[in-house]
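Shown next: data-v1.csv, given as CSV, C-alpha atoms.
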```csv
chain,number,residue,atom,x,y,z
A,22,MET,CA,-15.5,47.9,6.7
A,23,GLU,CA,-13.5,51.2,6.5
A,24,LYS,CA,-14.0,53.0,3.2
A,25,TYR,CA,-10.8,53.3,1.2
A,26,LYS,CA,-9.7,56.7,0.3
A,27,ASN,CA,-7.9,57.9,-2.8
A,28,ILE,CA,-8.8,54.8,-4.9
A,29,PRO,CA,-8.0,55.5,-8.5
A,30,ASN,CA,-10.9,55.1,-10.9
A,31,PHE,CA,-10.0,51.7,-12.1
A,32,LYS,CA,-12.6,49.1,-13.0
A,33,THR,CA,-12.5,45.3,-12.9
A,34,PRO,CA,-14.2,42.9,-15.2
A,35,GLU,CA,-17.7,41.6,-14.2
A,36,ASN,CA,-17.5,39.0,-11.4
A,37,TYR,CA,-13.7,39.4,-11.2
A,38,PHE,CA,-13.4,38.9,-7.4
A,39,GLU,CA,-16.2,36.3,-7.3
A,40,ASP,CA,-14.4,34.1,-9.8
A,41,PHE,CA,-10.9,34.8,-8.6
A,42,GLU,CA,-10.6,31.8,-6.2
A,43,VAL,CA,-11.9,29.4,-8.8
A,44,ARG,CA,-9.5,30.7,-11.4
A,45,LEU,CA,-6.6,30.7,-9.0
A,46,PHE,CA,-7.2,27.1,-7.8
A,47,SER,CA,-7.6,25.9,-11.4
A,48,LYS,CA,-4.2,27.6,-12.3
A,49,ILE,CA,-2.6,25.9,-9.3
A,50,ALA,CA,-4.0,22.5,-10.3
A,51,GLU,CA,-2.9,23.0,-13.9
A,52,GLU,CA,0.7,23.4,-12.7
A,53,SER,CA,0.8,19.7,-12.1
A,54,PHE,CA,-0.7,18.8,-15.5
A,55,PRO,CA,1.5,17.8,-18.4
A,56,LYS,CA,2.1,20.7,-20.8
A,57,THR,CA,1.6,18.5,-23.9
A,58,ALA,CA,-0.6,15.6,-24.9
A,59,GLY,CA,2.3,13.3,-26.0
A,60,PHE,CA,1.0,12.7,-29.5
A,61,LYS,CA,3.3,12.1,-32.5
A,62,ILE,CA,2.5,12.1,-36.2
A,63,PRO,CA,4.0,10.1,-39.1
A,64,LYS,CA,7.1,11.6,-40.8
A,65,GLN,CA,6.2,14.1,-43.5
A,66,TYR,CA,2.5,14.0,-42.6
A,67,PHE,CA,1.7,17.7,-42.8
A,68,GLU,CA,4.0,18.1,-45.9
A,69,ASN,CA,1.9,15.5,-47.8
A,70,LEU,CA,-1.4,16.4,-46.4
A,71,ASP,CA,-2.4,19.2,-48.8
A,72,SER,CA,-2.4,17.1,-51.9
A,73,LYS,CA,-4.2,14.3,-50.0
A,74,ILE,CA,-7.0,16.6,-48.9
A,75,LEU,CA,-7.4,18.2,-52.3
A,76,LYS,CA,-7.7,14.7,-53.9
A,77,GLU,CA,-10.3,13.6,-51.4
A,78,VAL,CA,-12.3,16.8,-51.9
A,79,ALA,CA,-12.2,16.4,-55.6
A,80,ALA,CA,-13.3,12.8,-55.3
A,81,SER,CA,-16.1,13.6,-53.0
A,82,GLU,CA,-17.3,16.3,-55.4
A,83,ARG,CA,-17.3,13.8,-58.3
A,84,THR,CA,-19.2,11.2,-56.2
A,85,GLY,CA,-21.6,13.9,-55.0
A,86,LYS,CA,-22.5,15.0,-58.5
A,87,VAL,CA,-23.2,11.4,-59.7
A,88,ILE,CA,-25.4,10.4,-56.8
A,89,SER,CA,-27.6,13.5,-56.5
A,90,LEU,CA,-30.9,12.5,-58.1
A,91,PHE,CA,-33.2,14.9,-56.3
A,92,SER,CA,-33.7,18.5,-57.0
A,93,ARG,CA,-32.6,20.7,-54.1
A,94,LYS,CA,-36.2,21.7,-53.2
A,95,TYR,CA,-37.5,18.2,-52.7
A,96,PHE,CA,-34.5,16.6,-51.0
A,97,GLY,CA,-35.8,17.3,-47.5
A,98,TYR,CA,-39.3,16.0,-48.3
A,99,ALA,CA,-37.8,12.9,-50.0
A,100,SER,CA,-35.7,12.1,-46.9
A,101,ALA,CA,-38.6,12.5,-44.5
A,102,ILE,CA,-40.9,10.4,-46.7
A,103,ALA,CA,-38.2,7.6,-47.0
A,104,ALA,CA,-37.7,7.5,-43.3
A,105,SER,CA,-41.5,7.5,-42.6
A,106,LEU,CA,-42.0,4.6,-45.1
A,107,VAL,CA,-39.3,2.6,-43.5
A,108,ILE,CA,-40.6,3.2,-40.0
A,109,GLY,CA,-44.2,2.5,-41.1
A,110,PHE,CA,-43.3,-0.8,-42.8
A,111,THR,CA,-41.3,-1.9,-39.9
A,112,VAL,CA,-44.1,-1.3,-37.5
A,113,PHE,CA,-46.8,-2.9,-39.6
A,114,ASN,CA,-44.8,-5.9,-40.7
A,115,THR,CA,-43.3,-7.1,-37.3
A,116,LYS,CA,-45.8,-10.0,-37.0
A,117,SER,CA,-45.3,-11.3,-40.5
A,118,ASN,CA,-43.7,-14.7,-40.8
A,119,THR,CA,-43.2,-14.7,-44.6
A,120,ILE,CA,-40.1,-13.0,-45.9
A,121,SER,CA,-40.6,-11.3,-49.2
A,122,LEU,CA,-38.1,-9.5,-51.4
A,123,ASP,CA,-39.8,-6.2,-50.6
A,124,SER,CA,-39.4,-6.7,-46.9
A,125,LEU,CA,-35.8,-7.8,-47.3
A,126,GLN,CA,-35.1,-4.6,-49.3
A,127,LEU,CA,-36.8,-2.5,-46.6
A,128,ALA,CA,-35.0,-4.3,-43.8
A,129,ALA,CA,-31.7,-3.5,-45.6
A,130,ILE,CA,-32.7,0.2,-45.9
A,131,ASP,CA,-33.6,0.1,-42.2
A,132,THR,CA,-30.3,-1.4,-41.2
A,133,TYR,CA,-28.5,1.1,-43.5
A,134,ILE,CA,-30.1,4.0,-41.7
A,135,GLU,CA,-29.6,2.6,-38.2
A,136,GLU,CA,-25.9,2.0,-38.8
A,137,GLY,CA,-25.6,5.7,-39.5
A,138,ASN,CA,-24.8,5.3,-43.1
A,139,LEU,CA,-27.5,7.7,-44.3
A,140,ASN,CA,-25.3,10.5,-43.0
A,141,LEU,CA,-27.9,13.2,-43.1
A,142,ASP,CA,-25.7,16.0,-41.8
A,143,LEU,CA,-27.2,19.3,-40.6
A,144,TYR,CA,-25.0,21.3,-42.9
A,145,ASP,CA,-25.9,19.2,-46.0
A,146,VAL,CA,-29.7,19.1,-45.2
A,147,THR,CA,-30.0,22.8,-44.4
A,148,SER,CA,-28.3,23.8,-47.7
A,149,TYR,CA,-31.3,22.1,-49.5
A,150,ILE,CA,-34.1,23.4,-47.4
A,151,GLU,CA,-35.6,26.8,-48.0
A,152,ASN,CA,-37.3,28.9,-45.3
A,153,GLU,CA,-40.8,28.2,-46.7
A,154,ASP,CA,-40.1,24.4,-46.5
A,155,ILE,CA,-39.4,24.7,-42.8
A,156,VAL,CA,-42.6,26.6,-42.2
A,157,ASN,CA,-44.6,24.1,-44.2
A,158,ILE,CA,-43.2,20.9,-42.5
A,159,ASN,CA,-45.9,18.9,-40.9
A,160,LEU,CA,-44.2,17.0,-38.0
A,161,ASP,CA,-45.7,13.7,-37.0
A,162,THR,CA,-44.9,13.6,-33.3
A,163,LYS,CA,-46.8,10.4,-32.3
A,164,TYR,CA,-43.5,8.4,-32.2
A,165,ALA,CA,-41.8,11.0,-30.0
A,166,THR,CA,-43.3,9.9,-26.7
A,167,ASP,CA,-42.4,11.5,-23.4
A,168,ASN,CA,-40.3,8.5,-22.4
A,169,SER,CA,-38.3,8.4,-25.7
A,170,LEU,CA,-37.7,12.1,-25.4
A,171,LYS,CA,-36.5,11.8,-21.8
A,172,GLU,CA,-34.2,8.9,-22.8
A,173,TYR,CA,-32.7,10.9,-25.6
A,174,LEU,CA,-32.1,14.0,-23.4
A,175,LEU,CA,-30.5,11.9,-20.6
A,176,GLU,CA,-28.1,10.2,-23.1
A,177,ASN,CA,-27.3,13.2,-25.2
A,178,ILE,CA,-27.3,16.4,-23.1
A,179,ASP,CA,-24.3,17.5,-21.1
A,180,THR,CA,-26.1,18.4,-17.9
A,181,GLU,CA,-23.2,20.3,-16.4
A,182,THR,CA,-23.1,22.6,-19.4
A,183,LEU,CA,-26.8,23.1,-19.2
A,184,ILE,CA,-26.7,23.9,-15.4
A,185,ASN,CA,-23.8,26.3,-15.9
A,186,GLU,CA,-25.7,28.1,-18.7
A,187,GLN,CA,-28.4,29.0,-16.2
B,21,MET,CA,-0.8,35.0,-45.1
B,22,VAL,CA,-3.9,35.9,-47.0
B,23,GLU,CA,-6.4,38.1,-45.1
B,24,GLU,CA,-9.4,36.2,-44.1
B,25,ARG,CA,-11.9,38.4,-45.8
B,26,GLU,CA,-10.0,38.2,-49.1
B,27,LEU,CA,-9.9,34.4,-48.7
B,28,VAL,CA,-13.6,34.2,-48.2
B,29,THR,CA,-14.3,36.3,-51.3
B,30,ALA,CA,-12.0,34.1,-53.3
B,31,LEU,CA,-13.5,30.9,-51.9
B,32,GLN,CA,-17.0,32.1,-53.0
B,33,THR,CA,-15.8,33.0,-56.5
B,34,GLU,CA,-16.0,30.0,-58.8
B,35,ALA,CA,-12.8,30.9,-60.8
B,36,GLU,CA,-10.7,31.4,-57.7
B,37,LYS,CA,-12.3,28.7,-55.4
B,38,GLU,CA,-9.7,26.0,-56.0
B,39,SER,CA,-6.6,28.1,-55.4
B,40,ALA,CA,-8.2,29.8,-52.5
B,41,PHE,CA,-9.1,26.4,-51.0
B,42,ARG,CA,-5.5,25.2,-51.4
B,43,GLU,CA,-4.4,28.3,-49.4
B,44,LEU,CA,-7.0,27.6,-46.8
B,45,VAL,CA,-5.8,24.0,-46.3
B,46,THR,CA,-2.2,25.2,-46.0
B,47,GLN,CA,-3.1,27.8,-43.4
B,48,TYR,CA,-5.4,25.7,-41.2
B,49,LYS,CA,-4.5,22.0,-41.6
B,50,GLU,CA,-2.3,21.8,-38.5
B,51,ARG,CA,-4.5,23.7,-36.2
B,52,LEU,CA,-7.5,21.7,-37.2
B,53,TYR,CA,-5.6,18.5,-37.0
B,54,TRP,CA,-4.5,19.0,-33.4
B,55,GLN,CA,-7.9,20.1,-32.3
B,56,ILE,CA,-9.4,16.9,-33.8
B,57,ARG,CA,-6.6,14.7,-32.5
B,58,ASN,CA,-7.1,15.9,-29.0
B,59,MET,CA,-10.7,14.6,-29.2
B,60,VAL,CA,-10.3,11.3,-31.1
B,61,LEU,CA,-6.8,10.5,-29.9
B,62,ASP,CA,-5.8,8.1,-32.8
B,63,HIS,CA,-3.8,9.5,-35.7
B,64,ASP,CA,-5.7,7.6,-38.4
B,65,ASP,CA,-9.0,8.7,-37.0
B,66,ALA,CA,-7.9,12.3,-36.8
B,67,ASP,CA,-6.7,12.1,-40.4
B,68,ASP,CA,-10.2,10.8,-41.5
B,69,VAL,CA,-12.0,13.5,-39.5
B,70,LEU,CA,-9.7,16.2,-40.8
B,71,GLN,CA,-10.5,15.2,-44.4
B,72,ASN,CA,-14.2,15.1,-43.6
B,73,THR,CA,-13.9,18.5,-42.1
B,74,PHE,CA,-12.3,20.0,-45.1
B,75,ILE,CA,-14.8,18.3,-47.4
B,76,LYS,CA,-17.6,19.9,-45.4
B,77,ILE,CA,-15.9,23.3,-45.5
B,78,PHE,CA,-15.5,23.1,-49.3
B,79,ARG,CA,-19.1,22.0,-49.8
B,80,ASN,CA,-20.6,24.6,-47.5
B,81,ILE,CA,-18.4,27.6,-48.1
B,82,ASN,CA,-21.0,29.3,-50.4
B,83,SER,CA,-23.5,29.3,-47.6
B,84,PHE,CA,-21.0,30.9,-45.2
B,85,LYS,CA,-22.5,34.3,-44.5
B,86,GLY,CA,-19.7,35.9,-42.6
B,87,GLU,CA,-21.7,36.2,-39.3
B,88,SER,CA,-18.7,34.7,-37.6
B,89,LYS,CA,-15.0,34.7,-38.6
B,90,LEU,CA,-14.0,32.1,-41.1
B,91,HIS,CA,-11.6,30.3,-38.7
B,92,THR,CA,-14.3,30.3,-36.0
B,93,TRP,CA,-16.7,28.6,-38.4
B,94,MET,CA,-14.0,26.0,-39.4
B,95,TYR,CA,-13.1,25.2,-35.8
B,96,ARG,CA,-16.8,24.7,-35.1
B,97,ILE,CA,-17.1,22.2,-38.1
B,98,ALA,CA,-14.1,20.3,-36.8
B,99,ALA,CA,-15.5,20.1,-33.3
B,100,ASN,CA,-18.9,18.8,-34.6
B,101,GLU,CA,-17.2,16.3,-36.9
B,102,SER,CA,-15.1,15.0,-34.1
B,103,ILE,CA,-18.1,14.3,-31.9
B,104,THR,CA,-20.1,12.9,-34.8
B,105,PHE,CA,-17.2,10.6,-35.6
B,106,LEU,CA,-17.1,9.2,-32.0
B,107,ASN,CA,-20.9,8.8,-31.9
B,108,LYS,CA,-20.9,6.9,-35.3
B,109,LYS,CA,-18.1,4.7,-34.1
B,110,ALA,CA,-20.1,3.8,-31.0
B,111,LYS,CA,-23.2,3.0,-33.1
B,112,ARG,CA,-21.2,1.0,-35.7
B,113,ASN,CA,-19.7,-1.2,-33.0
B,114,ASN,CA,-22.9,-1.3,-31.0
B,115,VAL,CA,-21.2,0.1,-27.8
B,116,SER,CA,-21.6,3.2,-25.7
B,117,ILE,CA,-19.6,6.4,-26.4
B,118,ASP,CA,-17.8,5.9,-23.1
B,119,ASN,CA,-16.7,2.5,-24.3
B,120,VAL,CA,-15.3,4.1,-27.5
B,121,LYS,CA,-13.4,6.7,-25.5
B,122,ASN,CA,-12.0,4.2,-23.0
B,123,ASN,CA,-10.8,1.9,-25.8
B,124,ALA,CA,-9.2,4.8,-27.6
B,125,VAL,CA,-7.2,5.7,-24.4
B,126,ARG,CA,-6.3,2.0,-23.8
B,127,LYS,CA,-4.9,1.8,-27.3
B,128,LEU,CA,-2.6,4.7,-26.5
B,129,GLU,CA,-0.4,2.4,-24.4
B,130,THR,CA,0.7,0.6,-27.5
B,131,ASP,CA,0.2,3.3,-30.1
B,132,VAL,CA,3.4,4.1,-32.1
B,133,TYR,CA,2.1,7.7,-32.4
B,134,PHE,CA,1.9,8.3,-28.7
B,135,GLU,CA,5.2,9.0,-26.9
B,136,GLY,CA,3.7,10.2,-23.6
B,137,ASP,CA,5.0,9.2,-20.2
B,138,GLU,CA,2.9,7.7,-17.4
B,139,LEU,CA,1.6,11.1,-16.3
B,140,GLN,CA,0.5,12.0,-19.9
B,141,LEU,CA,-1.3,8.7,-20.2
B,142,GLN,CA,-3.1,9.2,-16.9
B,143,PHE,CA,-3.9,12.7,-18.1
B,144,GLN,CA,-5.5,11.3,-21.2
B,145,LYS,CA,-7.5,8.8,-19.2
B,146,ALA,CA,-8.7,11.5,-16.9
B,147,ILE,CA,-9.8,13.7,-19.9
B,148,ALA,CA,-11.6,10.7,-21.4
B,149,THR,CA,-13.9,10.5,-18.4
B,150,LEU,CA,-15.3,14.0,-19.1
B,151,PRO,CA,-18.6,14.4,-21.0
B,152,ASP,CA,-18.0,15.1,-24.7
B,153,ARG,CA,-18.8,18.8,-24.6
B,154,GLN,CA,-16.7,19.4,-21.5
B,155,ARG,CA,-13.9,17.4,-23.0
B,156,LEU,CA,-14.1,19.6,-26.1
B,157,ILE,CA,-14.0,22.8,-24.0
B,158,PHE,CA,-11.1,21.5,-21.9
B,159,THR,CA,-8.9,20.3,-24.8
B,160,MET,CA,-9.5,23.4,-26.9
B,161,LYS,CA,-8.7,25.7,-23.9
B,162,TYR,CA,-5.8,23.8,-22.4
B,163,PHE,CA,-4.0,22.4,-25.4
B,164,GLU,CA,-4.9,24.9,-28.1
B,165,ASP,CA,-4.9,27.9,-25.9
B,166,HIS,CA,-8.1,29.5,-27.2
B,167,THR,CA,-9.4,32.3,-25.0
B,168,PHE,CA,-12.8,31.9,-23.5
B,169,GLU,CA,-14.1,34.6,-25.8
B,170,GLU,CA,-12.8,32.7,-28.9
B,171,LEU,CA,-14.3,29.5,-27.5
B,172,SER,CA,-17.6,31.3,-26.9
B,173,GLU,CA,-17.8,32.2,-30.6
B,174,ILE,CA,-16.7,28.7,-31.8
B,175,LEU,CA,-19.0,26.7,-29.5
B,176,GLU,CA,-21.8,29.3,-29.4
B,177,THR,CA,-21.9,29.1,-25.6
B,178,SER,CA,-21.6,31.9,-23.0
B,179,VAL,CA,-18.2,32.8,-21.6
B,180,GLY,CA,-19.5,32.2,-18.1
B,181,GLY,CA,-20.8,28.7,-19.0
B,182,LEU,CA,-17.5,27.8,-20.6
B,183,LYS,CA,-15.5,29.0,-17.6
B,184,SER,CA,-17.6,27.0,-15.2
B,185,SER,CA,-17.3,23.9,-17.4
B,186,TYR,CA,-13.5,24.3,-17.8
B,187,HIS,CA,-12.9,24.7,-14.1
B,188,ILE,CA,-15.1,21.8,-13.2
B,189,ALA,CA,-13.1,19.7,-15.8
B,190,VAL,CA,-9.8,20.8,-14.1
B,191,LYS,CA,-11.2,19.7,-10.8
B,192,LYS,CA,-12.4,16.3,-12.1
B,193,ILE,CA,-9.0,15.7,-13.8
B,194,THR,CA,-7.1,16.6,-10.7
B,195,GLU,CA,-9.3,14.2,-8.6
B,196,PHE,CA,-8.9,11.4,-11.1
B,197,ILE,CA,-5.1,11.6,-11.2
B,198,LYS,CA,-5.0,11.9,-7.4
B,199,ASN,CA,-7.1,8.8,-7.0
B,200,GLN,CA,-4.9,6.9,-9.5
B,201,ASP,CA,-1.8,7.9,-7.6
B,202,GLU,CA,-3.4,6.7,-4.3
B,203,THR,CA,-4.4,3.4,-5.9
B,204,LEU,CA,-0.8,2.6,-7.1
```

Output the file's structure in the form of structure tokens.
Amino acid sequence: MEKYKNIPNFKTPENYFEDFEVRLFSKIAEESFPKTAGFKIPKQYFENLDSKILKEVAASERTGKVISLFSRKYFGYASAIAASLVIGFTVFNTKSNTISLDSLQLAAIDTYIEEGNLNLDLYDVTSYIENEDIVNINLDTKYATDNSLKEYLLENIDTETLINEQ
Amino acid sequence: MVEERELVTALQTEAEKESAFRELVTQYKERLYWQIRNMVLDHDDADDVLQNTFIKIFRNINSFKGESKLHTWMYRIAANESITFLNKKAKRNNVSIDNVKNNAVRKLETDVYFEGDELQLQFQKAIATLPDRQRLIFTMKYFEDHTFEELSEILETSVGGLKSSYHIAVKKITEFIKNQDETL
């Protein structure tokens, strides 16, 4: 190809020409997309929202203070121990035909956790765990079999994003 | 509008926290609402998730280290809360997450808070077919007009990865709408 003469010393962003076609065809496709989603909101929703949110935050803070029984340091350990006990009792008691009050209570805890009500959120848990706690955690990986890990990854990872990250 | 840095300082000062939080809610409620609504579709669900988002922000503001901008951090919380909400809904109803999304789109047809035409409905159906993360990337870029650089900070993903994901999403949506048109 003939070398161009007198080209000014301009630069382009990285991969500009390589990505150009993809960007262009996306822009063309977007021309036929609706510009808005079509959602409406109730009248006065945003005007009334501030006080509603502040009330909810205040209520959650009050609830949070009453329920918190564990000191910050031991919250992570307590959660891990509670989960292990539930799993352990469930595994060892599957063949039992007699229903006791203890097993009913444990079954209720089990169901509570399975239904996502424990609500152990990453932000909440990490605010209680110190760095030394993380270093000292002894993970029991015998329940994390290869098959269960594969299943989890297949159901929860967005493979296209992973591929595009490479 | 209060400068972000001043706002963070006030939010992390006990005496000023409440009034600073009011200011925060006033400044960001609409942007966060629409980001969430574009993911969960239903107004009442968006309202719930928005409140959870602000509760989370309030509870965790003292651990905000300023490594990202405040609004970046808040958008990230809103994004995570939206996806958590959908996953919990699926688990509670013992159905798949795809089922939850398809039901949400189907409900739009009779939803009083949806005034879209047929094309907008098809558009939402198409968006609902995307994997969660891709759907998040698409809706945040297309409807809320974030730049890829902003999205990269919010979602902690490379700009290149986001661009690829976005363009693939556009292609899938185009194909979906085209197939729907051909079926009719």

Using all atoms listed in the file, determine which residues lie at most 12 Å from Phe196 of chain B, disregarding the query and same-chain residues fewer than 2 positions distant; provide the list as an NGL selection string.
(:A and (54)) or (:B and (139 or 142-150 or 189-194 or 198-203))

The distance between atom CA of Asn72 of chain B and atom CA of Asn58 of chain B is 16.3 Å

Q. From the list B:Ile117, B:Ile75, B:Met160, B:Ala99, which residue is nearest chain A when using all atoms listed in the file?
A.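 For chain A, the nearest of the candidates is B:Ile75.
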
Practice item. Please measure the separation of atom CA of Glu39 of chain A and atom CA of His187 of chain B, giving the value in Å to one decimal. Key: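 Between these atoms lies a distance of 13.8 Å.
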
- Item | Atomic separation - atom CA of Phe78 of chain B relative to atom CA of Phe41 of chain B, Å |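 Result for atom CA of Phe41 of chain B versus atom CA of Phe78 of chain B: 7.4 Å, one decimal.
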
Can you work out which residues from chain B touch chain A at a cut-off of 6 Å (counting all atoms listed in the file) and hand them back as a ChimeraX atom specification? /B:71,75,112,133-136,181

Residues from last step as file, C-alpha atoms, as a PDB file, in the frame of the given file:
```
ATOM      1  CA  GLN B  71     -10.500  15.200 -44.400  1.00  0.00           C
ATOM      2  CA  ILE B  75     -14.800  18.300 -47.400  1.00  0.00           C
ATOM      3  CA  ARG B 112     -21.200   1.000 -35.700  1.00  0.00           C
ATOM      4  CA  TYR B 133       2.100   7.700 -32.400  1.00  0.00           C
ATOM      5  CA  PHE B 134       1.900   8.300 -28.700  1.00  0.00           C
ATOM      6  CA  GLU B 135       5.200   9.000 -26.900  1.00  0.00           C
ATOM      7  CA  GLY B 136       3.700  10.200 -23.600  1.00  0.00           C
ATOM      8  CA  GLY B 181     -20.800  28.700 -19.000  1.00  0.00           C
TER       9      GLY B 181
END
```

Give me the residues within 9 Å of Glu173 of chain B as a list in words, counting all atoms listed in the file and dropping any in the same chain fewer than 5 places off.
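After dropping sequence-adjacent residues, the list is Ser88, Lys89, Thr92, Trp93, Arg96, Phe168 and Ser178 of chain B.
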
Take the residues from that selection and put them in a file with C-alpha atoms, as a compact mmCIF listing (two decimals), in the frame of the given file.
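And here is the file that came out, out_32.txt:
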```
# COMPACT_ATOMS: atom_id res chain seq x y z
CA SER B 88 -18.70 34.70 -37.60
CA LYS B 89 -15.00 34.70 -38.60
CA THR B 92 -14.30 30.30 -36.00
CA TRP B 93 -16.70 28.60 -38.40
CA ARG B 96 -16.80 24.70 -35.10
CA PHE B 168 -12.80 31.90 -23.50
CA SER B 178 -21.60 31.90 -23.00
```

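Taking all atoms listed in the file into account, those protein, DNA and RNA residues with any atom at most 12 Å away from (-13.9, 36.2, -52.2) amount to Val22, Glu23, Glu24, Arg25, Glu26, Leu27, Val28, Thr29, Ala30, Leu31, Gln32, Thr33, Glu34, Ala35, Glu36, Lys37, Glu38, Ser39, Ala40, Phe41, Ile81, Asn82, Phe84, Lys85, Gly86 and Leu90 of chain B.
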